[in-house]
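Asks: mmCIF, C-alpha atoms, saved as final.cif, coming up:
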data_query
#
loop_
_atom_site.label_atom_id
_atom_site.label_comp_id
_atom_site.auth_asym_id
_atom_site.auth_seq_id
_atom_site.Cartn_x
_atom_site.Cartn_y
_atom_site.Cartn_z
CA MET A 1 147.47 -38.41 -54.65
CA ASN A 2 144.74 -40.31 -52.83
CA SER A 3 141.70 -41.66 -54.60
CA ILE A 4 138.16 -40.92 -53.45
CA ASN A 5 136.05 -43.81 -52.22
CA ILE A 6 132.34 -43.96 -52.98
CA SER A 7 130.45 -47.13 -52.13
CA GLY A 8 133.66 -49.12 -51.97
CA LYS A 9 134.92 -47.96 -55.36
CA GLU A 10 138.18 -46.06 -55.65
CA LEU A 11 137.67 -43.06 -57.90
CA PHE A 12 140.04 -40.60 -59.50
CA PRO A 13 139.51 -37.17 -57.84
CA ILE A 14 138.50 -35.63 -61.17
CA GLY A 15 135.32 -36.78 -62.88
CA LEU A 16 133.95 -36.54 -66.40
CA GLY A 17 131.24 -33.95 -66.86
CA SER A 18 129.14 -34.05 -70.01
CA PHE A 19 127.69 -30.53 -70.11
CA GLY A 20 128.38 -28.87 -73.44
CA PHE A 21 128.86 -32.07 -75.41
CA GLY A 22 126.54 -32.83 -78.30
CA GLU A 23 125.58 -29.22 -78.94
CA GLU A 24 124.94 -28.17 -82.54
CA ILE A 25 127.24 -25.17 -82.17
CA LEU A 26 130.22 -27.54 -81.87
CA LYS A 27 129.52 -28.92 -85.32
CA GLU A 28 129.45 -25.37 -86.62
CA LYS A 29 132.94 -24.98 -85.17
CA GLY A 30 134.12 -28.09 -86.97
CA ILE A 31 134.11 -30.31 -83.87
CA THR A 32 132.52 -33.60 -84.84
CA ASP A 33 130.72 -36.10 -82.62
CA GLN A 34 133.66 -38.44 -83.05
CA ASP A 35 136.06 -35.72 -81.91
CA GLN A 36 134.03 -35.36 -78.72
CA ILE A 37 133.87 -39.12 -78.17
CA GLU A 38 137.63 -39.41 -78.61
CA SER A 39 138.30 -36.64 -76.10
CA MET A 40 136.13 -38.39 -73.52
CA LYS A 41 137.86 -41.70 -74.23
CA TYR A 42 141.22 -39.99 -73.77
CA ALA A 43 140.14 -38.74 -70.32
CA LEU A 44 138.86 -42.18 -69.33
CA ASN A 45 142.05 -43.82 -70.58
CA LYS A 46 144.04 -41.41 -68.41
CA GLY A 47 142.36 -42.81 -65.30
CA ILE A 48 139.23 -40.69 -64.89
CA ASN A 49 136.57 -43.20 -63.85
CA TYR A 50 133.55 -41.20 -62.68
CA ALA A 51 130.93 -39.94 -65.11
CA VAL A 52 127.49 -38.37 -64.74
CA GLY A 53 124.74 -38.18 -67.33
CA TYR A 54 121.86 -35.74 -67.77
CA MET A 55 119.22 -36.43 -70.39
CA THR A 56 118.54 -32.68 -70.51
CA TYR A 57 121.98 -31.84 -71.93
CA ALA A 58 121.78 -31.14 -75.67
CA ASN A 59 118.40 -32.87 -75.81
CA GLY A 60 120.01 -36.18 -74.90
CA ASN A 61 122.84 -35.96 -77.42
CA ALA A 62 125.45 -35.60 -74.66
CA VAL A 63 124.39 -38.94 -73.19
CA LYS A 64 124.60 -40.60 -76.61
CA LEU A 65 128.19 -39.44 -76.99
CA LEU A 66 129.03 -40.48 -73.44
CA ALA A 67 127.62 -43.93 -74.13
CA GLN A 68 129.91 -44.34 -77.14
CA ALA A 69 132.94 -43.33 -75.09
CA ILE A 70 132.19 -45.27 -71.95
CA LYS A 71 131.43 -48.65 -73.55
CA GLU A 72 135.15 -49.42 -73.64
CA PHE A 73 135.41 -48.57 -69.93
CA PRO A 74 132.72 -50.70 -68.23
CA ASP A 75 134.16 -50.12 -64.75
CA THR A 76 133.43 -46.40 -64.91
CA TYR A 77 131.27 -45.28 -61.97
CA LEU A 78 128.09 -44.02 -63.62
CA THR A 79 125.64 -41.59 -62.05
CA PHE A 80 122.34 -40.60 -63.62
CA CYS A 81 120.71 -37.33 -62.62
CA ALA A 82 116.91 -37.09 -62.63
CA TYR A 83 116.24 -33.53 -63.76
CA PRO A 84 112.74 -32.24 -64.55
CA GLY A 85 113.16 -31.35 -68.20
CA LYS A 86 109.94 -32.45 -69.87
CA SER A 87 108.98 -34.78 -67.01
CA GLN A 88 105.70 -33.73 -65.42
CA THR A 89 104.98 -36.89 -63.43
CA VAL A 90 106.77 -39.72 -61.64
CA GLU A 91 105.96 -41.93 -64.62
CA ASP A 92 107.59 -39.44 -66.98
CA ALA A 93 110.73 -39.39 -64.83
CA ILE A 94 110.92 -43.18 -64.83
CA GLU A 95 110.50 -43.30 -68.60
CA ASN A 96 113.28 -40.73 -68.95
CA PHE A 97 115.55 -42.93 -66.81
CA PHE A 98 114.71 -46.00 -68.88
CA GLU A 99 115.70 -44.08 -72.00
CA PHE A 100 119.03 -43.29 -70.38
CA LEU A 101 119.65 -46.95 -69.50
CA GLU A 102 118.83 -48.02 -73.03
CA ILE A 103 121.23 -45.49 -74.55
CA MET A 104 123.98 -46.43 -72.10
CA GLY A 105 123.39 -50.16 -72.64
CA ARG A 106 123.12 -50.78 -68.90
CA LYS A 107 120.60 -52.42 -66.63
CA GLU A 108 121.43 -50.22 -63.65
CA VAL A 109 123.53 -47.27 -62.55
CA ASP A 110 125.93 -46.94 -59.66
CA THR A 111 124.04 -43.96 -58.25
CA PHE A 112 120.61 -42.55 -59.04
CA MET A 113 120.81 -38.82 -58.37
CA VAL A 114 117.88 -36.45 -57.99
CA SER A 115 117.89 -32.71 -58.48
CA SER A 116 116.30 -30.41 -55.94
CA THR A 117 114.15 -29.19 -58.82
CA MET A 118 112.53 -32.62 -58.98
CA GLU A 119 110.89 -31.86 -55.64
CA GLY A 120 109.62 -28.62 -57.14
CA ARG A 121 108.17 -30.55 -60.08
CA LEU A 122 106.88 -33.73 -58.38
CA GLY A 123 106.38 -32.57 -54.81
CA ARG A 124 108.14 -34.21 -51.88
CA GLU A 125 105.90 -37.28 -51.84
CA GLY A 126 106.29 -37.74 -55.59
CA LEU A 127 110.07 -37.52 -55.39
CA ILE A 128 110.18 -40.06 -52.58
CA GLN A 129 107.94 -42.34 -54.65
CA LEU A 130 110.37 -42.06 -57.58
CA ILE A 131 113.40 -42.90 -55.43
CA GLU A 132 111.69 -45.82 -53.72
CA TYR A 133 110.70 -47.26 -57.10
CA ILE A 134 114.32 -47.15 -58.29
CA PHE A 135 115.50 -48.96 -55.17
CA GLU A 136 112.64 -51.46 -55.20
CA LYS A 137 113.40 -52.44 -58.81
CA ARG A 138 117.14 -52.46 -58.07
CA TYR A 139 118.07 -50.01 -60.78
CA ALA A 140 120.50 -48.46 -58.29
CA LYS A 141 121.70 -49.22 -54.79
CA THR A 142 122.73 -45.72 -53.81
CA LEU A 143 121.22 -42.25 -53.96
CA GLY A 144 122.76 -38.96 -54.97
CA LEU A 145 121.47 -35.45 -54.37
CA ASN A 146 121.89 -32.42 -56.58
CA ASN A 147 121.70 -28.84 -55.27
CA PHE A 148 119.79 -29.67 -52.09
CA ASN A 149 119.48 -27.03 -49.40
CA LEU A 150 120.11 -27.83 -45.74
CA GLU A 151 116.47 -28.61 -44.92
CA GLN A 152 116.14 -30.93 -47.92
CA LEU A 153 119.42 -32.65 -47.11
CA ASN A 154 118.39 -33.35 -43.54
CA TYR A 155 114.89 -34.48 -44.48
CA PHE A 156 115.90 -36.90 -47.21
CA HIS A 157 118.72 -38.26 -45.07
CA SER A 158 116.20 -39.00 -42.34
CA ILE A 159 114.44 -41.29 -44.82
CA PHE A 160 117.21 -42.79 -46.95
CA LYS A 161 120.09 -42.49 -44.49
CA ASP A 162 123.32 -44.18 -45.63
CA LYS A 163 121.95 -44.86 -49.11
CA ILE A 164 122.80 -41.21 -49.85
CA VAL A 165 126.44 -41.34 -50.94
CA LEU A 166 127.01 -38.14 -52.90
CA HIS A 167 125.80 -34.58 -53.29
CA GLU A 168 126.54 -32.66 -56.50
CA ILE A 169 126.95 -28.96 -55.81
CA CYS A 170 128.54 -25.81 -57.22
CA HIS A 171 131.57 -24.78 -55.20
CA ASN A 172 134.44 -22.67 -56.48
CA PHE A 173 136.64 -19.71 -55.66
CA GLU A 174 133.80 -17.18 -56.00
CA ILE A 175 130.67 -19.21 -55.22
CA ARG A 176 130.74 -20.72 -51.71
CA VAL A 177 127.08 -20.62 -50.76
CA TYR A 178 126.99 -24.31 -49.80
CA GLU A 179 129.77 -23.67 -47.34
CA GLU A 180 128.25 -20.44 -46.03
CA LEU A 181 124.91 -22.18 -45.37
CA GLY A 182 126.51 -25.15 -43.60
CA ILE A 183 125.51 -27.63 -46.32
CA ILE A 184 129.03 -28.87 -47.01
CA GLN A 185 129.76 -29.25 -43.32
CA ARG A 186 126.53 -31.20 -42.76
CA GLY A 187 127.27 -33.44 -45.72
CA LYS A 188 130.66 -34.31 -44.29
CA GLU A 189 129.08 -35.14 -40.94
CA LEU A 190 126.76 -37.55 -42.75
CA GLY A 191 129.60 -39.16 -44.71
CA ILE A 192 128.36 -37.84 -48.06
CA GLN A 193 130.89 -37.24 -50.84
CA HIS A 194 130.64 -33.85 -52.54
CA ILE A 195 130.83 -33.79 -56.32
CA ILE A 196 131.69 -30.33 -57.64
CA TYR A 197 130.44 -28.86 -60.89
CA GLN A 198 131.64 -25.53 -62.29
CA GLY A 199 134.69 -25.70 -60.06
CA LEU A 200 136.51 -23.62 -62.66
CA ARG A 201 133.40 -21.71 -63.75
CA ARG A 202 134.22 -22.82 -67.31
CA ASN A 203 137.50 -20.87 -67.16
CA ARG A 204 135.78 -17.65 -66.12
CA THR A 205 137.46 -17.60 -62.70
CA ALA A 206 140.92 -17.65 -64.29
CA LEU A 207 139.91 -14.77 -66.56
CA ARG A 208 139.24 -12.64 -63.47
CA ASN A 209 142.92 -12.91 -62.45
CA TRP A 210 142.22 -12.81 -58.73
CA PRO A 211 145.51 -11.67 -57.08
CA ILE A 212 145.81 -14.72 -54.78
CA LEU A 213 145.35 -17.12 -57.69
CA VAL A 214 147.85 -15.22 -59.85
CA GLU A 215 150.35 -15.24 -56.98
CA LEU A 216 150.00 -18.96 -56.30
CA SER A 217 150.09 -19.76 -60.00
CA GLN A 218 153.48 -18.09 -60.24
CA LYS A 219 154.71 -19.68 -57.01
CA TYR A 220 153.88 -23.26 -58.05
CA GLY A 221 154.51 -22.91 -61.78
CA ALA A 222 150.93 -23.97 -62.43
CA THR A 223 147.90 -22.48 -64.14
CA GLN A 224 145.21 -20.79 -62.09
CA ASN A 225 142.83 -23.62 -62.99
CA GLN A 226 145.32 -26.14 -61.64
CA ILE A 227 145.56 -24.19 -58.39
CA ILE A 228 141.76 -24.27 -58.05
CA LEU A 229 141.48 -27.99 -58.82
CA ASN A 230 144.28 -28.77 -56.36
CA TRP A 231 142.51 -26.71 -53.70
CA LEU A 232 139.20 -28.48 -54.28
CA TYR A 233 140.97 -31.84 -54.08
CA ASP A 234 142.58 -30.87 -50.78
CA LEU A 235 139.09 -30.05 -49.47
CA GLY A 236 138.14 -33.65 -50.24
CA HIS A 237 135.91 -32.99 -53.24
CA LEU A 238 135.64 -34.84 -56.54
CA THR A 239 135.47 -32.20 -59.26
CA LEU A 240 133.75 -32.62 -62.63
CA VAL A 241 135.50 -31.16 -65.64
CA LYS A 242 134.62 -31.15 -69.30
CA ALA A 243 137.08 -33.15 -71.38
CA GLY A 244 136.81 -30.98 -74.45
CA GLN A 245 140.44 -30.74 -75.56
CA ILE A 246 143.38 -33.09 -74.99
CA ASN A 247 145.64 -30.36 -73.62
CA HIS A 248 142.97 -29.31 -71.12
CA ILE A 249 142.50 -32.90 -69.98
CA ASP A 250 146.24 -33.19 -69.35
CA GLU A 251 146.22 -29.82 -67.57
CA ASN A 252 143.39 -30.93 -65.30
CA ILE A 253 145.00 -34.27 -64.45
CA ASN A 254 148.39 -32.66 -63.81
CA SER A 255 146.73 -30.33 -61.29
CA LEU A 256 147.12 -33.22 -58.83
CA SER A 257 150.86 -33.62 -59.41
CA PHE A 258 151.84 -31.09 -56.74
CA SER A 259 150.68 -30.15 -53.25
CA LEU A 260 149.63 -26.76 -52.00
CA SER A 261 151.00 -25.89 -48.59
CA GLN A 262 148.54 -25.68 -45.74
CA GLU A 263 149.35 -21.98 -45.47
CA ASP A 264 148.42 -21.40 -49.09
CA ILE A 265 145.25 -23.46 -48.77
CA LYS A 266 144.27 -21.25 -45.85
CA LEU A 267 144.97 -18.18 -47.97
CA ILE A 268 142.52 -19.42 -50.60
CA ASN A 269 139.98 -20.37 -47.94
CA ASP A 270 140.22 -16.88 -46.48
CA SER A 271 140.12 -15.09 -49.84
CA ALA A 272 136.50 -15.60 -50.81
CA PRO A 273 135.23 -12.52 -52.69
CA LEU A 274 132.85 -10.48 -50.59
CA TRP A 275 129.52 -10.02 -52.33
CA ASP A 276 125.87 -10.07 -51.40
CA LEU A 277 124.06 -13.20 -52.47
CA PRO A 278 120.81 -12.62 -54.30
CA LEU A 279 117.62 -14.24 -53.03
CA LEU A 280 117.91 -17.96 -53.83
CA ASN A 281 115.39 -20.49 -55.07
CA TRP A 282 116.15 -24.18 -54.60
CA GLN A 283 113.32 -25.90 -56.46
CA ASN A 284 112.41 -23.92 -59.56
CA PHE A 285 115.01 -23.56 -62.31
CA ASP A 286 112.87 -21.02 -64.15
CA SER A 287 111.95 -18.91 -61.14
CA GLU A 288 111.58 -15.17 -61.65
CA ARG A 289 113.96 -12.82 -59.87
CA ASP A 290 111.36 -11.88 -57.22
CA ASP A 291 111.03 -15.58 -56.33
CA GLY A 292 114.78 -16.03 -56.10
CA LEU A 293 117.50 -17.10 -58.48
CA TYR A 294 117.83 -20.86 -58.86
CA VAL A 295 121.01 -21.72 -56.98
CA ALA A 296 122.68 -23.52 -59.90
CA LYS A 297 122.69 -20.26 -61.88
CA LEU A 298 124.92 -18.39 -59.43
CA SER A 299 128.11 -19.15 -61.35
CA ASN A 300 126.53 -18.03 -64.60
CA VAL A 301 125.37 -14.65 -63.32
CA PHE A 302 128.29 -13.83 -61.04
CA ASP A 303 130.20 -11.76 -63.59
CA ASP A 304 127.11 -9.80 -64.59
CA LEU A 305 126.12 -9.03 -61.01
CA TYR A 306 129.65 -8.30 -59.87
CA PRO A 307 131.84 -6.95 -62.71
CA ALA A 308 135.58 -7.35 -62.35
CA THR A 309 136.05 -3.61 -61.82
CA SER A 310 133.86 -3.76 -58.71
CA LEU A 311 135.84 -6.51 -56.99
CA ASN A 312 139.48 -6.48 -58.02
#
Output the file's structure in the form of structure tokens.

Replies:
Amino acid sequence: MNSINISGKELFPIGLGSFGFGEEILKEKGITDQDQIESMKYALNKGINYAVGYMTYANGNAVKLLAQAIKEFPDTYLTFCAYPGKSQTVEDAIENFFEFLEIMGRKEVDTFMVSSTMEGRLGREGLIQLIEYIFEKRYAKTLGLNNFNLEQLNYFHSIFKDKIVLHEICHNFEIRVYEELGIIQRGKELGIQHIIYQGLRRNRTALRNWPILVELSQKYGATQNQIILNWLYDLGHLTLVKAGQINHIDENINSLSFSLSQEDIKLINDSAPLWDLPLLNWQNFDSERDDGLYVAKLSNVFDDLYPATSLN
């Protein structure tokens, strides 16, 4: 297994996602904050050393739990994502970032990442102003992008060039829009590392029992999720996973203990489900259907738009 290098740091190919942590429903299920902190610490102790924080997750509670877990692992590569949330202005976004730094007990982050929706909220000039402020004050040395379309990617690269080191996108067995639109290919040309969220679609892909994944699972003596993670790793991506349960953390890490053959990788590459993409919106999370579905929601609506009986 080869590590992934971002800005000179060697990173484990699986990263720590924080979506779903800190939610009140977990307490109702008997899962305490300390339980969640311990599961994250277990993942970090196993070698996972990339983490990303969103102040919008669970009203900031996810970040508070992440901070408790990560304080024992100061070398963890930390990315902050600027997401609109309640921020209406550049000043609001900066204040939101400061709150994140205070919670994390840090003076800077490894990468300051901006969502495509921030351009929708602040406008292009406002977003550039935000990024330039972060660099000017040295709160980060590198820039990350989140869900940028091809035009946005090219435009912001023309301004910030090699400071852009990563692009967080949704890419999985069913959802391959970033590949279909040439965004992944362009990112590779520019030397940008792709960070994958919803690579497993929160276990929903495995529940579909796609024939190729079932076949390869049996062939390699692995779970379908392990086949997917191994495939994403072979494509050169760093995949975020939620460290919710110890056995799932071990399952995810062990997905890198074997190698898919090039023939089988090609089978997965060639087995993308055929479906018609809905109209997409890249800057407004709350856009109405006539204005396009925000791209990050594709994984969430896939099963509703394309029931299993219509595809398998």

Asks: So how far away is CA of Ile70 (chain A) from CA of Ile164 (chain A), in Å?

Replies: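 According to the coordinates, CA of Ile164 (chain A) and CA of Ile70 (chain A) are separated by 24.4 Å.
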
Asks: Mind running region 140-206 of chain A against region 96-114 of chain A at 7 Å and telling me each contacting residue's nearest atom pair with the distance in Å (one decimal), counting all atoms listed in the file, chain and number ascending, as a Markdown table?

Replies:
| residue | atom | partner | partner_atom | distance |
| --- | --- | --- | --- | --- |
| A:Ala140 | CA | A:Val109 | CA | 5.4 |
| A:Lys141 | CA | A:Thr111 | CA | 6.7 |
| A:Thr142 | CA | A:Thr111 | CA | 5.0 |
| A:Leu143 | CA | A:Phe112 | CA | 5.1 |
| A:Gly144 | CA | A:Met113 | CA | 3.9 |
| A:Leu145 | CA | A:Val114 | CA | 5.2 |
| A:Asn146 | CA | A:Val114 | CA | 5.9 |

Asks: Apply the PyMOL selection byres ((chain A and resi 44-59) around 9) to the displayed file and report the matching residues as a compact mmCIF listing (two decimals) with C-alpha atoms, keeping the file's coordinate frame.

Replies:
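Heads up, here's the output in part-v7.txt:
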# COMPACT_ATOMS: atom_id res chain seq x y z
CA GLU A 10 138.18 -46.06 -55.65
CA LEU A 11 137.67 -43.06 -57.90
CA PHE A 12 140.04 -40.60 -59.50
CA PRO A 13 139.51 -37.17 -57.84
CA ILE A 14 138.50 -35.63 -61.17
CA GLY A 15 135.32 -36.78 -62.88
CA LEU A 16 133.95 -36.54 -66.40
CA GLY A 17 131.24 -33.95 -66.86
CA SER A 18 129.14 -34.05 -70.01
CA PHE A 19 127.69 -30.53 -70.11
CA GLY A 20 128.38 -28.87 -73.44
CA PHE A 21 128.86 -32.07 -75.41
CA GLY A 22 126.54 -32.83 -78.30
CA GLU A 23 125.58 -29.22 -78.94
CA GLU A 24 124.94 -28.17 -82.54
CA SER A 39 138.30 -36.64 -76.10
CA MET A 40 136.13 -38.39 -73.52
CA LYS A 41 137.86 -41.70 -74.23
CA TYR A 42 141.22 -39.99 -73.77
CA ALA A 43 140.14 -38.74 -70.32
CA GLY A 60 120.01 -36.18 -74.90
CA ASN A 61 122.84 -35.96 -77.42
CA ALA A 62 125.45 -35.60 -74.66
CA VAL A 63 124.39 -38.94 -73.19
CA LEU A 66 129.03 -40.48 -73.44
CA ALA A 69 132.94 -43.33 -75.09
CA ILE A 70 132.19 -45.27 -71.95
CA PHE A 73 135.41 -48.57 -69.93
CA ASP A 75 134.16 -50.12 -64.75
CA THR A 76 133.43 -46.40 -64.91
CA TYR A 77 131.27 -45.28 -61.97
CA LEU A 78 128.09 -44.02 -63.62
CA THR A 79 125.64 -41.59 -62.05
CA PHE A 80 122.34 -40.60 -63.62
CA CYS A 81 120.71 -37.33 -62.62
CA ALA A 82 116.91 -37.09 -62.63
CA TYR A 83 116.24 -33.53 -63.76
CA PRO A 84 112.74 -32.24 -64.55
CA GLY A 85 113.16 -31.35 -68.20
CA LYS A 86 109.94 -32.45 -69.87
CA ASN A 96 113.28 -40.73 -68.95
CA PHE A 97 115.55 -42.93 -66.81
CA GLU A 99 115.70 -44.08 -72.00
CA PHE A 100 119.03 -43.29 -70.38
CA LEU A 240 133.75 -32.62 -62.63
CA ILE A 249 142.50 -32.90 -69.98
CA ASP A 250 146.24 -33.19 -69.35
CA ILE A 253 145.00 -34.27 -64.45

Asks: If the PyMOL selection byres ((chain A and resi 160) around 10) were run on this exact file, what residues would it hold? Put them as number ranges by chain.

Replies: A: 128, 131-132, 142-143, 155-159, 161-164

Asks: So that I have them on file, write out the residues from the current selection with C-alpha atoms, as a tab-separated table (two decimals), in the coordinates of the input.

Replies:
chain	number	residue	atom	x	y	z
A	128	ILE	CA	110.18	-40.06	-52.58
A	131	ILE	CA	113.40	-42.90	-55.43
A	132	GLU	CA	111.69	-45.82	-53.72
A	142	THR	CA	122.73	-45.72	-53.81
A	143	LEU	CA	121.22	-42.25	-53.96
A	155	TYR	CA	114.89	-34.48	-44.48
A	156	PHE	CA	115.90	-36.90	-47.21
A	157	HIS	CA	118.72	-38.26	-45.07
A	158	SER	CA	116.20	-39.00	-42.34
A	159	ILE	CA	114.44	-41.29	-44.82
A	161	LYS	CA	120.09	-42.49	-44.49
A	162	ASP	CA	123.32	-44.18	-45.63
A	163	LYS	CA	121.95	-44.86	-49.11
A	164	ILE	CA	122.80	-41.21	-49.85

Asks: Looking at A:Val165, A:Val241, A:Leu280, A:Ala206, which one is nearest to Asn149 (chain A), with distances taken over all atoms listed in the file?

Replies: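 Distance minimum relative to Asn149 (chain A) lands on A:Leu280.
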
Asks: Give the answer as one residue: which of A:Gln193, A:Asn225, A:Asn284, A:Thr239 has the shortest atom-to-atom distance to Ile6 (chain A), using only C-alpha atoms?

Replies: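 The closest residue to Ile6 (chain A) is A:Gln193.
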
Asks: Which one of A:Gly221, A:Gly187, A:Gly199, A:Gly182 sits closest to Lys242 (chain A) if you count all atoms listed in the file?

Replies: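 Among the listed residues, A:Gly199 lies closest to Lys242 (chain A).
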
Asks: Which residue gives the smallest distance to Met118 (chain A) among A:Glu95, A:Thr89, A:His248, A:Leu235, with only C-alpha atoms counted?

Replies: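 Once distances to Met118 (chain A) are computed over only C-alpha atoms, the minimum belongs to A:Thr89.
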
Asks: If you measure from CA of Phe135 (chain A) to CA of Asn147 (chain A), what distance in Å do you get, rounded to one decimal?

Replies: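 According to the coordinates, CA of Phe135 (chain A) and CA of Asn147 (chain A) are separated by 21.1 Å.
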